[in-house]
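Engineer: What follows is data_36.cif, made up of mmCIF, C-alpha atoms:
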```cif
data_run
loop_
_atom_site.group_PDB
_atom_site.id
_atom_site.type_symbol
_atom_site.label_atom_id
_atom_site.label_comp_id
_atom_site.auth_asym_id
_atom_site.auth_seq_id
_atom_site.Cartn_x
_atom_site.Cartn_y
_atom_site.Cartn_z
ATOM 1 C CA MET I 25 0.033 26.490 -6.547
ATOM 2 C CA THR I 26 1.773 23.912 -8.678
ATOM 3 C CA GLY I 27 -0.641 21.099 -7.954
ATOM 4 C CA ARG I 28 2.136 18.564 -8.231
ATOM 5 C CA HIS I 29 4.069 19.877 -5.253
ATOM 6 C CA SER I 30 1.066 19.711 -2.944
ATOM 7 C CA ALA I 31 -0.573 16.402 -2.213
ATOM 8 C CA GLY I 32 -3.909 18.172 -2.039
ATOM 9 C CA VAL I 33 -4.324 17.036 1.546
ATOM 10 C CA PRO I 34 -5.266 19.715 4.069
ATOM 11 C CA ILE I 35 -2.832 20.283 6.919
ATOM 12 C CA LEU I 36 -4.724 21.879 9.809
ATOM 13 C CA ARG I 37 -3.142 23.616 12.743
ATOM 14 C CA LEU I 38 -4.560 23.191 16.241
ATOM 15 C CA GLY I 39 -2.338 25.094 18.626
ATOM 16 C CA ASP I 40 1.110 23.592 18.233
ATOM 17 C CA VAL I 41 -0.190 20.389 16.645
ATOM 18 C CA LEU I 42 -0.568 19.848 12.898
ATOM 19 C CA VAL I 43 -3.383 17.523 11.868
ATOM 20 C CA THR I 44 -3.462 15.847 8.489
ATOM 21 C CA GLY I 45 -4.114 12.551 6.749
ATOM 22 C CA LEU I 46 -3.228 10.380 3.789
ATOM 23 C CA LEU I 47 -5.585 9.298 1.032
ATOM 24 C CA ASP I 48 -5.524 5.931 -0.682
ATOM 25 C CA GLU I 49 -5.228 7.561 -4.084
ATOM 26 C CA LEU I 50 -1.898 9.115 -3.217
ATOM 27 C CA ASP I 51 0.712 8.418 -5.892
ATOM 28 C CA ASP I 52 4.438 8.384 -5.182
ATOM 29 C CA ARG I 53 5.064 11.920 -6.388
ATOM 30 C CA SER I 54 2.242 13.341 -4.315
ATOM 31 C CA ALA I 55 3.511 11.415 -1.297
ATOM 32 C CA MET I 56 6.890 13.100 -1.666
ATOM 33 C CA GLY I 57 5.146 16.480 -2.103
ATOM 34 C CA PHE I 58 3.179 15.813 1.068
ATOM 35 C CA VAL I 59 6.365 15.065 3.018
ATOM 36 C CA ASP I 60 8.002 18.264 1.754
ATOM 37 C CA GLU I 61 4.975 20.392 2.582
ATOM 38 C CA LEU I 62 4.485 18.888 6.038
ATOM 39 C CA THR I 63 8.175 19.206 6.894
ATOM 40 C CA GLU I 64 8.138 22.854 5.887
ATOM 41 C CA ARG I 65 5.009 23.528 7.962
ATOM 42 C CA ILE I 66 6.541 21.842 11.034
ATOM 43 C CA ALA I 67 9.567 24.115 10.824
ATOM 44 C CA ARG I 68 7.717 27.305 9.907
ATOM 45 C CA GLU I 69 5.016 26.933 12.560
ATOM 46 C CA ALA I 70 7.251 25.381 15.221
ATOM 47 C CA ALA I 71 4.853 22.468 15.630
ATOM 48 C CA THR I 72 5.603 20.095 18.485
ATOM 49 C CA GLY I 73 3.161 17.413 17.402
ATOM 50 C CA VAL I 74 1.826 15.981 14.147
ATOM 51 C CA LEU I 75 -1.177 13.698 13.801
ATOM 52 C CA ILE I 76 -1.423 11.773 10.534
ATOM 53 C CA ASP I 77 -4.712 9.961 10.059
ATOM 54 C CA ILE I 78 -4.299 6.913 7.823
ATOM 55 C CA SER I 79 -7.773 5.432 8.237
ATOM 56 C CA ARG I 80 -8.409 5.959 4.523
ATOM 57 C CA LEU I 81 -5.304 4.016 3.480
ATOM 58 C CA GLU I 82 -6.346 0.605 2.191
ATOM 59 C CA VAL I 83 -2.793 -0.450 1.408
ATOM 60 C CA ILE I 84 0.564 0.303 2.986
ATOM 61 C CA ASP I 85 3.380 -1.100 0.900
ATOM 62 C CA SER I 86 7.101 -0.751 1.560
ATOM 63 C CA PHE I 87 7.196 2.622 -0.194
ATOM 64 C CA VAL I 88 4.483 4.173 1.988
ATOM 65 C CA ALA I 89 5.992 2.535 5.082
ATOM 66 C CA ARG I 90 9.383 4.005 4.283
ATOM 67 C CA THR I 91 7.805 7.409 3.653
ATOM 68 C CA LEU I 92 6.109 7.339 7.074
ATOM 69 C CA SER I 93 9.320 6.187 8.774
ATOM 70 C CA GLU I 94 11.442 8.889 7.192
ATOM 71 C CA LEU I 95 8.847 11.560 7.839
ATOM 72 C CA THR I 96 8.771 10.603 11.522
ATOM 73 C CA THR I 97 12.551 10.794 11.774
ATOM 74 C CA THR I 98 12.704 14.149 9.980
ATOM 75 C CA ALA I 99 9.962 15.585 12.174
ATOM 76 C CA ARG I 100 11.748 14.384 15.309
ATOM 77 C CA LEU I 101 14.907 16.172 14.199
ATOM 78 C CA LEU I 102 12.791 19.317 13.897
ATOM 79 C CA GLY I 103 11.395 18.862 17.385
ATOM 80 C CA ALA I 104 7.984 17.444 16.527
ATOM 81 C CA ARG I 105 6.432 14.164 17.609
ATOM 82 C CA VAL I 106 4.475 12.295 14.926
ATOM 83 C CA ILE I 107 1.593 9.977 15.672
ATOM 84 C CA VAL I 108 0.128 7.857 12.903
ATOM 85 C CA ALA I 109 -3.475 7.073 13.728
ATOM 86 C CA GLY I 110 -6.263 4.855 12.469
ATOM 87 C CA MET I 111 -4.478 2.009 10.702
ATOM 88 C CA ARG I 112 -6.992 -0.521 9.377
ATOM 89 C CA PRO I 113 -6.629 -4.008 10.893
ATOM 90 C CA PRO I 114 -6.081 -5.756 7.503
ATOM 91 C CA VAL I 115 -3.326 -3.245 6.781
ATOM 92 C CA ALA I 116 -1.680 -3.996 10.143
ATOM 93 C CA ILE I 117 -1.796 -7.759 9.481
ATOM 94 C CA THR I 118 -0.338 -7.300 6.006
ATOM 95 C CA LEU I 119 2.445 -5.020 7.239
ATOM 96 C CA VAL I 120 3.551 -7.640 9.761
ATOM 97 C CA GLU I 121 3.571 -10.371 7.111
ATOM 98 C CA LEU I 122 5.442 -8.069 4.776
ATOM 99 C CA GLY I 123 8.123 -7.833 7.463
ATOM 100 C CA LEU I 124 7.686 -4.116 8.101
ATOM 101 C CA LYS I 125 7.646 -2.905 11.684
ATOM 102 C CA LEU I 126 7.489 0.862 11.083
ATOM 103 C CA HIS I 127 10.390 1.312 13.472
ATOM 104 C CA GLY I 128 10.243 4.554 15.397
ATOM 105 C CA VAL I 129 6.742 5.411 14.221
ATOM 106 C CA GLU I 130 4.290 6.023 17.051
ATOM 107 C CA THR I 131 0.756 4.842 16.388
ATOM 108 C CA ALA I 132 -2.694 5.282 17.882
ATOM 109 C CA LEU I 133 -5.902 3.346 17.335
ATOM 110 C CA ASN I 134 -7.731 6.391 16.034
ATOM 111 C CA ALA I 135 -7.377 10.127 15.610
ATOM 112 C CA GLU I 136 -8.956 10.875 18.994
ATOM 113 C CA ALA I 137 -6.502 8.627 20.842
ATOM 114 C CA GLY I 138 -3.680 10.168 18.837
ATOM 115 C CA MET I 139 -4.708 13.697 19.767
ATOM 116 C CA ALA I 140 -4.983 12.662 23.407
ATOM 117 C CA ALA I 141 -1.419 11.328 23.248
ATOM 118 C CA LEU I 142 -0.361 14.717 21.898
ATOM 119 C CA GLY I 143 -1.972 16.456 24.864
ATOM 120 C CA TRP I 144 -5.422 17.241 23.525
ATOM 121 C CA TYR I 145 -8.362 16.152 25.626
ATOM 122 C CA ARG I 146 -12.062 16.428 24.979
ATOM 123 C CA THR I 147 -13.720 18.490 27.668
ATOM 124 C CA ASN I 148 -17.295 18.089 28.807
ATOM 125 C CA ARG I 149 -19.651 19.933 26.580
ATOM 126 C CA LEU I 150 -21.074 23.101 28.020
ATOM 127 C CA GLY I 151 -24.624 21.891 27.348
ATOM 128 C CA GLU I 152 -24.191 18.825 29.543
ATOM 129 C CA ALA I 153 -22.832 20.891 32.411
ATOM 130 C CA THR I 154 -25.778 23.268 32.132
ATOM 131 C CA ARG I 155 -28.294 20.444 32.116
ATOM 132 C CA GLY I 156 -26.594 19.004 35.192
ATOM 133 C CA ASP I 157 -26.966 22.352 36.950
ATOM 134 C CA ASP I 158 -30.622 22.550 36.020
ATOM 135 C CA ALA I 159 -31.339 19.124 37.476
ATOM 136 C CA SER I 160 -29.839 19.913 40.852
ATOM 137 C CA MET M 11 -17.669 -26.080 -30.570
ATOM 138 C CA THR M 12 -15.541 -23.892 -28.384
ATOM 139 C CA PRO M 13 -17.157 -22.377 -25.310
ATOM 140 C CA PRO M 14 -18.927 -19.109 -26.028
ATOM 141 C CA ASP M 15 -16.906 -17.248 -23.416
ATOM 142 C CA HIS M 16 -14.874 -14.971 -25.670
ATOM 143 C CA ARG M 17 -12.752 -13.852 -22.732
ATOM 144 C CA ALA M 18 -11.330 -17.307 -22.215
ATOM 145 C CA THR M 19 -7.718 -17.532 -23.281
ATOM 146 C CA PRO M 20 -5.271 -20.413 -23.440
ATOM 147 C CA ASP M 21 -3.335 -21.002 -20.259
ATOM 148 C CA LEU M 22 -0.113 -19.044 -20.535
ATOM 149 C CA GLY M 23 1.055 -20.328 -17.188
ATOM 150 C CA THR M 24 4.047 -22.178 -15.974
ATOM 151 C CA GLY M 25 3.427 -25.709 -17.196
ATOM 152 C CA PRO M 26 0.973 -28.546 -17.203
ATOM 153 C CA ARG M 27 0.394 -28.322 -13.448
ATOM 154 C CA ALA M 28 -0.849 -24.751 -13.722
ATOM 155 C CA ALA M 29 -4.541 -24.293 -13.191
ATOM 156 C CA ALA M 30 -6.605 -23.072 -16.100
ATOM 157 C CA ALA M 31 -6.874 -19.338 -16.506
ATOM 158 C CA VAL M 32 -10.478 -18.418 -17.127
ATOM 159 C CA HIS M 33 -9.965 -14.697 -17.448
ATOM 160 C CA ARG M 34 -6.879 -12.716 -18.364
ATOM 161 C CA VAL M 35 -6.288 -8.963 -18.481
ATOM 162 C CA GLU M 36 -3.063 -7.131 -19.174
ATOM 163 C CA PHE M 37 -2.069 -3.714 -17.822
ATOM 164 C CA PRO M 38 0.864 -1.506 -18.743
ATOM 165 C CA VAL M 39 3.267 -0.437 -15.986
ATOM 166 C CA ARG M 40 4.847 2.669 -17.480
ATOM 167 C CA THR M 41 3.753 5.608 -15.349
ATOM 168 C CA GLU M 42 2.840 6.359 -11.744
ATOM 169 C CA GLU M 43 -0.785 6.490 -12.819
ATOM 170 C CA ASP M 44 -0.385 2.926 -14.096
ATOM 171 C CA LEU M 45 0.683 1.848 -10.598
ATOM 172 C CA LEU M 46 -2.582 3.168 -9.148
ATOM 173 C CA GLU M 47 -4.567 1.709 -12.032
ATOM 174 C CA ALA M 48 -2.964 -1.706 -11.484
ATOM 175 C CA ARG M 49 -3.826 -1.612 -7.783
ATOM 176 C CA HIS M 50 -7.432 -0.714 -8.539
ATOM 177 C CA ALA M 51 -7.750 -3.530 -11.045
ATOM 178 C CA VAL M 52 -6.293 -6.082 -8.638
ATOM 179 C CA ARG M 53 -8.509 -4.856 -5.811
ATOM 180 C CA ALA M 54 -11.595 -5.127 -8.034
ATOM 181 C CA ALA M 55 -10.625 -8.649 -9.116
ATOM 182 C CA THR M 56 -10.139 -9.837 -5.519
ATOM 183 C CA GLN M 57 -13.512 -8.387 -4.558
ATOM 184 C CA GLU M 58 -15.311 -9.995 -7.469
ATOM 185 C CA MET M 59 -13.689 -13.338 -6.660
ATOM 186 C CA GLY M 60 -14.840 -13.209 -3.052
ATOM 187 C CA PHE M 61 -11.530 -12.825 -1.259
ATOM 188 C CA GLY M 62 -11.896 -11.679 2.356
ATOM 189 C CA LEU M 63 -10.774 -8.199 3.373
ATOM 190 C CA VAL M 64 -7.403 -9.304 4.765
ATOM 191 C CA ASP M 65 -6.688 -11.425 1.693
ATOM 192 C CA GLN M 66 -7.668 -8.509 -0.567
ATOM 193 C CA THR M 67 -5.174 -6.336 1.274
ATOM 194 C CA ARG M 68 -2.436 -9.010 1.012
ATOM 195 C CA VAL M 69 -2.910 -9.412 -2.733
ATOM 196 C CA VAL M 70 -3.145 -5.680 -3.497
ATOM 197 C CA THR M 71 -0.064 -5.007 -1.368
ATOM 198 C CA ALA M 72 1.903 -7.732 -3.180
ATOM 199 C CA ALA M 73 0.749 -6.275 -6.509
ATOM 200 C CA SER M 74 1.870 -2.819 -5.407
ATOM 201 C CA GLU M 75 5.348 -4.113 -4.497
ATOM 202 C CA LEU M 76 5.782 -5.989 -7.771
ATOM 203 C CA VAL M 77 4.572 -3.258 -10.127
ATOM 204 C CA ARG M 78 6.660 -0.671 -8.307
ATOM 205 C CA ASN M 79 9.721 -2.927 -8.671
ATOM 206 C CA ALA M 80 9.048 -3.177 -12.413
ATOM 207 C CA TYR M 81 8.537 0.581 -12.646
ATOM 208 C CA ILE M 82 11.604 1.583 -10.639
ATOM 209 C CA HIS M 83 14.125 -1.186 -11.350
ATOM 210 C CA GLY M 84 12.849 -2.540 -14.646
ATOM 211 C CA GLY M 85 12.083 0.715 -16.409
ATOM 212 C CA GLY M 86 8.450 -0.281 -16.778
ATOM 213 C CA GLY M 87 6.740 -3.448 -17.907
ATOM 214 C CA THR M 88 3.404 -5.185 -17.805
ATOM 215 C CA LEU M 89 1.092 -6.739 -15.261
ATOM 216 C CA VAL M 90 -1.056 -9.708 -16.245
ATOM 217 C CA VAL M 91 -3.988 -10.471 -13.965
ATOM 218 C CA GLU M 92 -5.390 -13.976 -14.375
ATOM 219 C CA ARG M 93 -8.308 -15.582 -12.626
ATOM 220 C CA LEU M 94 -7.666 -19.275 -12.163
ATOM 221 C CA ARG M 95 -10.027 -22.108 -11.468
ATOM 222 C CA ARG M 96 -9.205 -25.447 -9.956
ATOM 223 C CA PRO M 97 -11.421 -28.157 -8.497
ATOM 224 C CA LYS M 98 -11.324 -26.682 -5.022
ATOM 225 C CA GLY M 99 -11.676 -22.946 -5.318
ATOM 226 C CA SER M 100 -10.288 -20.223 -7.473
ATOM 227 C CA GLY M 101 -7.192 -18.109 -7.468
ATOM 228 C CA LEU M 102 -5.704 -14.894 -8.698
ATOM 229 C CA ARG M 103 -2.355 -14.940 -10.440
ATOM 230 C CA LEU M 104 -0.355 -11.767 -10.970
ATOM 231 C CA THR M 105 2.520 -11.860 -13.421
ATOM 232 C CA VAL M 106 4.722 -8.782 -13.593
ATOM 233 C CA SER M 107 7.410 -8.629 -16.255
ATOM 234 C CA ASP M 108 9.904 -5.995 -17.185
ATOM 235 C CA SER M 109 12.769 -5.819 -19.637
ATOM 236 C CA GLY M 110 15.172 -4.149 -17.248
ATOM 237 C CA PRO M 111 18.649 -5.380 -16.321
ATOM 238 C CA GLY M 112 17.280 -8.306 -14.302
ATOM 239 C CA ILE M 113 18.310 -9.298 -10.795
ATOM 240 C CA PRO M 114 21.922 -10.479 -10.483
ATOM 241 C CA ASP M 115 21.416 -12.300 -7.178
ATOM 242 C CA VAL M 116 17.833 -13.470 -6.725
ATOM 243 C CA GLU M 117 18.494 -15.104 -3.348
ATOM 244 C CA ALA M 118 19.872 -11.836 -1.988
ATOM 245 C CA ALA M 119 16.948 -9.910 -3.473
ATOM 246 C CA LEU M 120 14.533 -12.177 -1.611
ATOM 247 C CA THR M 121 16.286 -11.444 1.673
ATOM 248 C CA ASP M 122 14.723 -8.695 3.738
ATOM 249 C CA GLY M 123 16.696 -5.525 3.737
ATOM 250 C CA PHE M 124 18.105 -5.948 0.248
ATOM 251 C CA SER M 125 17.411 -3.038 -2.038
ATOM 252 C CA THR M 126 19.193 -1.330 -4.875
ATOM 253 C CA GLY M 127 16.656 1.442 -5.258
ATOM 254 C CA ALA M 128 13.823 3.191 -3.490
ATOM 255 C CA GLY M 129 12.137 1.058 -0.859
ATOM 256 C CA LEU M 130 13.070 -0.771 2.272
ATOM 257 C CA GLY M 131 14.130 -3.887 0.432
ATOM 258 C CA HIS M 132 11.147 -5.871 1.620
ATOM 259 C CA GLY M 133 9.301 -5.805 -1.677
ATOM 260 C CA LEU M 134 10.168 -9.120 -3.291
ATOM 261 C CA GLY M 135 10.459 -11.234 -0.144
ATOM 262 C CA GLY M 136 7.353 -9.568 1.244
ATOM 263 C CA ALA M 137 5.337 -10.313 -1.884
ATOM 264 C CA ARG M 138 6.414 -13.953 -1.597
ATOM 265 C CA ARG M 139 5.193 -14.157 2.003
ATOM 266 C CA LEU M 140 1.860 -12.527 1.195
ATOM 267 C CA MET M 141 1.021 -15.000 -1.559
ATOM 268 C CA HIS M 142 0.623 -18.787 -1.747
ATOM 269 C CA GLU M 143 2.801 -19.351 -4.801
ATOM 270 C CA PHE M 144 5.817 -17.453 -6.005
ATOM 271 C CA ALA M 145 8.034 -17.859 -9.050
ATOM 272 C CA ILE M 146 10.722 -15.622 -10.470
ATOM 273 C CA GLU M 147 12.593 -15.796 -13.745
ATOM 274 C CA CYS M 148 15.652 -13.776 -14.655
ATOM 275 C CA PRO M 149 16.911 -15.049 -18.009
ATOM 276 C CA PRO M 150 20.566 -14.297 -18.872
ATOM 277 C CA GLY M 151 19.503 -11.851 -21.575
ATOM 278 C CA GLY M 152 17.944 -9.519 -18.980
ATOM 279 C CA GLY M 153 14.433 -8.810 -17.802
ATOM 280 C CA THR M 154 12.559 -10.110 -14.793
ATOM 281 C CA THR M 155 9.260 -11.958 -14.575
ATOM 282 C CA VAL M 156 7.642 -12.516 -11.192
ATOM 283 C CA SER M 157 4.508 -14.608 -10.901
ATOM 284 C CA VAL M 158 2.491 -14.871 -7.674
ATOM 285 C CA THR M 159 -0.792 -16.605 -6.902
ATOM 286 C CA ARG M 160 -3.192 -16.560 -3.999
ATOM 287 C CA TRP M 161 -6.082 -19.002 -3.713
ATOM 288 C CA THR M 162 -9.454 -18.440 -2.111
ATOM 289 C CA ALA M 163 -10.188 -20.432 1.007
ATOM 290 C CA GLY M 164 -12.902 -22.499 -0.694
#
```
Here is a file; write its structure as C-alpha cells.

Structural biologist:
Amino acid sequence: MTGRHSAGVPILRLGDVLVTGLLDELDDRSAMGFVDELTERIAREAATGVLIDISRLEVIDSFVARTLSELTTTARLLGARVIVAGMRPPVAITLVELGLKLHGVETALNAEAGMAALGWYRTNRLGEATRGDDAS
Amino acid sequence: MTPPDHRATPDLGTGPRAAAAVHRVEFPVRTEEDLLEARHAVRAATQEMGFGLVDQTRVVTAASELVRNAYIHGGGGTLVVERLRRPKGSGLRLTVSDSGPGIPDVEAALTDGFSTGAGLGHGLGGARRLMHEFAIECPPGGGTTVSVTRWTAG
C-alpha cells in the first residue's frame, strides 16, 4: 500500500467487467498509478470489458485525454473493451474546441448505457413480477 | 485619495489598450499540487465572476494546459490571475510565465499535433481557441509568457 501507486479509486469486478471511475482531484501521478493498476487488473482477472465513469470529471485537458486514449489502446491489446461513460456536456464542448477527438475511445451517455453496451442488462425486479402475479 | 480597495493593483498588462485589472492574485507552478491548486483558483474566480458552466470549463481547461506546459516544459513558473473590468462586462486574464528554454518555433507550437513533451500537442493551440485573447512572448534570453483572456457575455 504505497498510496502513491494507487489512485485511491475503487476498481470493482462484475463478472468479466471491471467498473471504475475518475475523480476531478486526480493529479498526474495518481492518473499514471490508476492506469498501471487498471492495466494489471485487466490482465490478472482476464477482464473483457472496462467501464470508466467520468461523470465527476469537471475538466478533461490534453493530458487526461491522452491518458484515456492510451489506456483504451493498452486494454484493447490485452483483450478488453473500454467504455468511458458519463462525460459532462461542458466537457464535451470544450474537448471539441480543444481539438481533441479521443480517437478510438468508446463512450456512453452514462454508466448504465455503458454497462448495457458491455452486455449487462437490468432485469425486472422480482418484486414487480410478484405484484403482477398477485394482480392477475 | 486613492480608492480604499487595498487589493487594487496597477495594470501590469500588455499596454494602454489593456483593460484595468481590478484584482490580481499570483500562484506558484512548481509542483503537481500547484497544478490542482491553480485549477481550483481559476474555477473559483470564473464562478465568482458569473461565467456560465461551459465558459468556466473552457477557462479552467485552458489554465490547466498552460500551467502544465510551464511545469513540464518550463521547469515551473507562476500563474497570475487577474480580473479585468471594461465598460461592457468583465474578463479573466491568466498569465503563465516560466523561465525555461522558451519555444524555438512558436508557429509550430501553435499547430495541433506539435509536442516536445508529454501531451498530445494540443495544449497551446487549444488554449488559444478556448479563450478570446491570446498573446505569447518568448524573449531571446529564454522563458515563455503566455497571456489569455476570456470575457463574460455581458

Engineer: Using only C-alpha atoms, find each residue in chain M having at least one atom no more than 10 Å away from chain I; report its shortest atom-to-atom pair and that distance in Å (one decimal), rows by chain then rising number, as CSV.

Structural biologist:
```
residue,atom,partner,partner_atom,distance
M:Glu42,CA,I:Asp51,CA,6.6
M:Glu43,CA,I:Asp51,CA,7.3
M:Asp44,CA,I:Asp51,CA,9.9
M:Leu45,CA,I:Asp51,CA,8.1
M:Leu46,CA,I:Asp51,CA,7.0
M:Glu47,CA,I:Glu49,CA,9.9
M:Arg49,CA,I:Val83,CA,9.3
M:His50,CA,I:Glu49,CA,9.7
M:Arg53,CA,I:Glu82,CA,9.9
M:Gly62,CA,I:Pro114,CA,9.8
M:Leu63,CA,I:Pro114,CA,6.7
M:Val64,CA,I:Pro114,CA,4.7
M:Asp65,CA,I:Pro114,CA,8.1
M:Gln66,CA,I:Pro114,CA,8.7
M:Thr67,CA,I:Pro114,CA,6.3
M:Arg68,CA,I:Thr118,CA,5.7
M:Val69,CA,I:Thr118,CA,9.4
M:Val70,CA,I:Val83,CA,7.2
M:Thr71,CA,I:Asp85,CA,5.7
M:Ala72,CA,I:Asp85,CA,7.9
M:Ala73,CA,I:Asp85,CA,9.4
M:Ser74,CA,I:Asp85,CA,6.7
M:Glu75,CA,I:Asp85,CA,6.5
M:Arg78,CA,I:Phe87,CA,8.8
M:Asp122,CA,I:Gly123,CA,7.6
M:Gly123,CA,I:Gly123,CA,9.6
M:Ala128,CA,I:Phe87,CA,7.4
M:Gly129,CA,I:Phe87,CA,5.2
M:Leu130,CA,I:Ser86,CA,6.0
M:Gly131,CA,I:Ser86,CA,7.8
M:His132,CA,I:Ser86,CA,6.5
M:Gly133,CA,I:Ser86,CA,6.4
M:Leu134,CA,I:Leu122,CA,9.4
M:Gly135,CA,I:Leu122,CA,7.7
M:Gly136,CA,I:Leu122,CA,4.3
M:Ala137,CA,I:Leu122,CA,7.0
M:Arg138,CA,I:Leu122,CA,8.7
M:Arg139,CA,I:Glu121,CA,6.6
M:Leu140,CA,I:Glu121,CA,6.5
```

Engineer: Evaluating the PyMOL selection byres ((chain I and resi 139) around 12) on the displayed file yields which residues, as number ranges by chain?

Structural biologist: I: 38-44, 73-77, 105-110, 131-138, 140-146

Engineer: Could you save those same residues with C-alpha atoms as a PDB file, in the frame of the given file?

Structural biologist:
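Output file selection-v3.pdb follows:
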```pdb
ATOM      1  CA  LEU I  38      -4.560  23.191  16.241  1.00  0.00           C
ATOM      2  CA  GLY I  39      -2.338  25.094  18.626  1.00  0.00           C
ATOM      3  CA  ASP I  40       1.110  23.592  18.233  1.00  0.00           C
ATOM      4  CA  VAL I  41      -0.190  20.389  16.645  1.00  0.00           C
ATOM      5  CA  LEU I  42      -0.568  19.848  12.898  1.00  0.00           C
ATOM      6  CA  VAL I  43      -3.383  17.523  11.868  1.00  0.00           C
ATOM      7  CA  THR I  44      -3.462  15.847   8.489  1.00  0.00           C
ATOM      8  CA  GLY I  73       3.161  17.413  17.402  1.00  0.00           C
ATOM      9  CA  VAL I  74       1.826  15.981  14.147  1.00  0.00           C
ATOM     10  CA  LEU I  75      -1.177  13.698  13.801  1.00  0.00           C
ATOM     11  CA  ILE I  76      -1.423  11.773  10.534  1.00  0.00           C
ATOM     12  CA  ASP I  77      -4.712   9.961  10.059  1.00  0.00           C
ATOM     13  CA  ARG I 105       6.432  14.164  17.609  1.00  0.00           C
ATOM     14  CA  VAL I 106       4.475  12.295  14.926  1.00  0.00           C
ATOM     15  CA  ILE I 107       1.593   9.977  15.672  1.00  0.00           C
ATOM     16  CA  VAL I 108       0.128   7.857  12.903  1.00  0.00           C
ATOM     17  CA  ALA I 109      -3.475   7.073  13.728  1.00  0.00           C
ATOM     18  CA  GLY I 110      -6.263   4.855  12.469  1.00  0.00           C
ATOM     19  CA  THR I 131       0.756   4.842  16.388  1.00  0.00           C
ATOM     20  CA  ALA I 132      -2.694   5.282  17.882  1.00  0.00           C
ATOM     21  CA  LEU I 133      -5.902   3.346  17.335  1.00  0.00           C
ATOM     22  CA  ASN I 134      -7.731   6.391  16.034  1.00  0.00           C
ATOM     23  CA  ALA I 135      -7.377  10.127  15.610  1.00  0.00           C
ATOM     24  CA  GLU I 136      -8.956  10.875  18.994  1.00  0.00           C
ATOM     25  CA  ALA I 137      -6.502   8.627  20.842  1.00  0.00           C
ATOM     26  CA  GLY I 138      -3.680  10.168  18.837  1.00  0.00           C
ATOM     27  CA  ALA I 140      -4.983  12.662  23.407  1.00  0.00           C
ATOM     28  CA  ALA I 141      -1.419  11.328  23.248  1.00  0.00           C
ATOM     29  CA  LEU I 142      -0.361  14.717  21.898  1.00  0.00           C
ATOM     30  CA  GLY I 143      -1.972  16.456  24.864  1.00  0.00           C
ATOM     31  CA  TRP I 144      -5.422  17.241  23.525  1.00  0.00           C
ATOM     32  CA  TYR I 145      -8.362  16.152  25.626  1.00  0.00           C
ATOM     33  CA  ARG I 146     -12.062  16.428  24.979  1.00  0.00           C
TER      34      ARG I 146
END
```

Engineer: Please compute the CA of Thr155 (chain M)-CA of Leu89 (chain M) distance, one decimal, in Å.

Structural biologist: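 Computing it gives 9.7 Å between the two atoms.
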
Engineer: CA of Glu64 (chain I) and CA of Tyr81 (chain M) are how many Å apart?

Structural biologist: 29.0 Å

Engineer: Starting from the displayed file, determine the output of the PyMOL selection byres ((chain M and resi 99) around 10) and express the residue list as a PyMOL selection string.

Structural biologist: chain M and resi 59+94-98+100-101+161-164

Engineer: Could you state the separation of CA of Phe144 (chain M) and CA of Val52 (chain M) in Å, given to one decimal place?

Structural biologist: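 Interatomic distance, CA of Phe144 (chain M) to CA of Val52 (chain M): 16.8 Å.
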
Engineer: The PyMOL selection byres ((chain M and resi 117) around 12) on the file shown: which residues, as a PyMOL selection string?

Structural biologist: chain M and resi 113-116+118-122+124+134-135+146-148

Engineer: Put a box with edges along x, y and z around all the listed atoms of region 124-129 of chain I, pad it by 5 Å on each side, then give me its centre and sizes in Å, one decimal, as JSON.

Structural biologist:
```
{"center_x": 8.6, "center_y": 0.6, "center_z": 11.7, "size_x": 13.6, "size_y": 19.5, "size_z": 17.3}
```
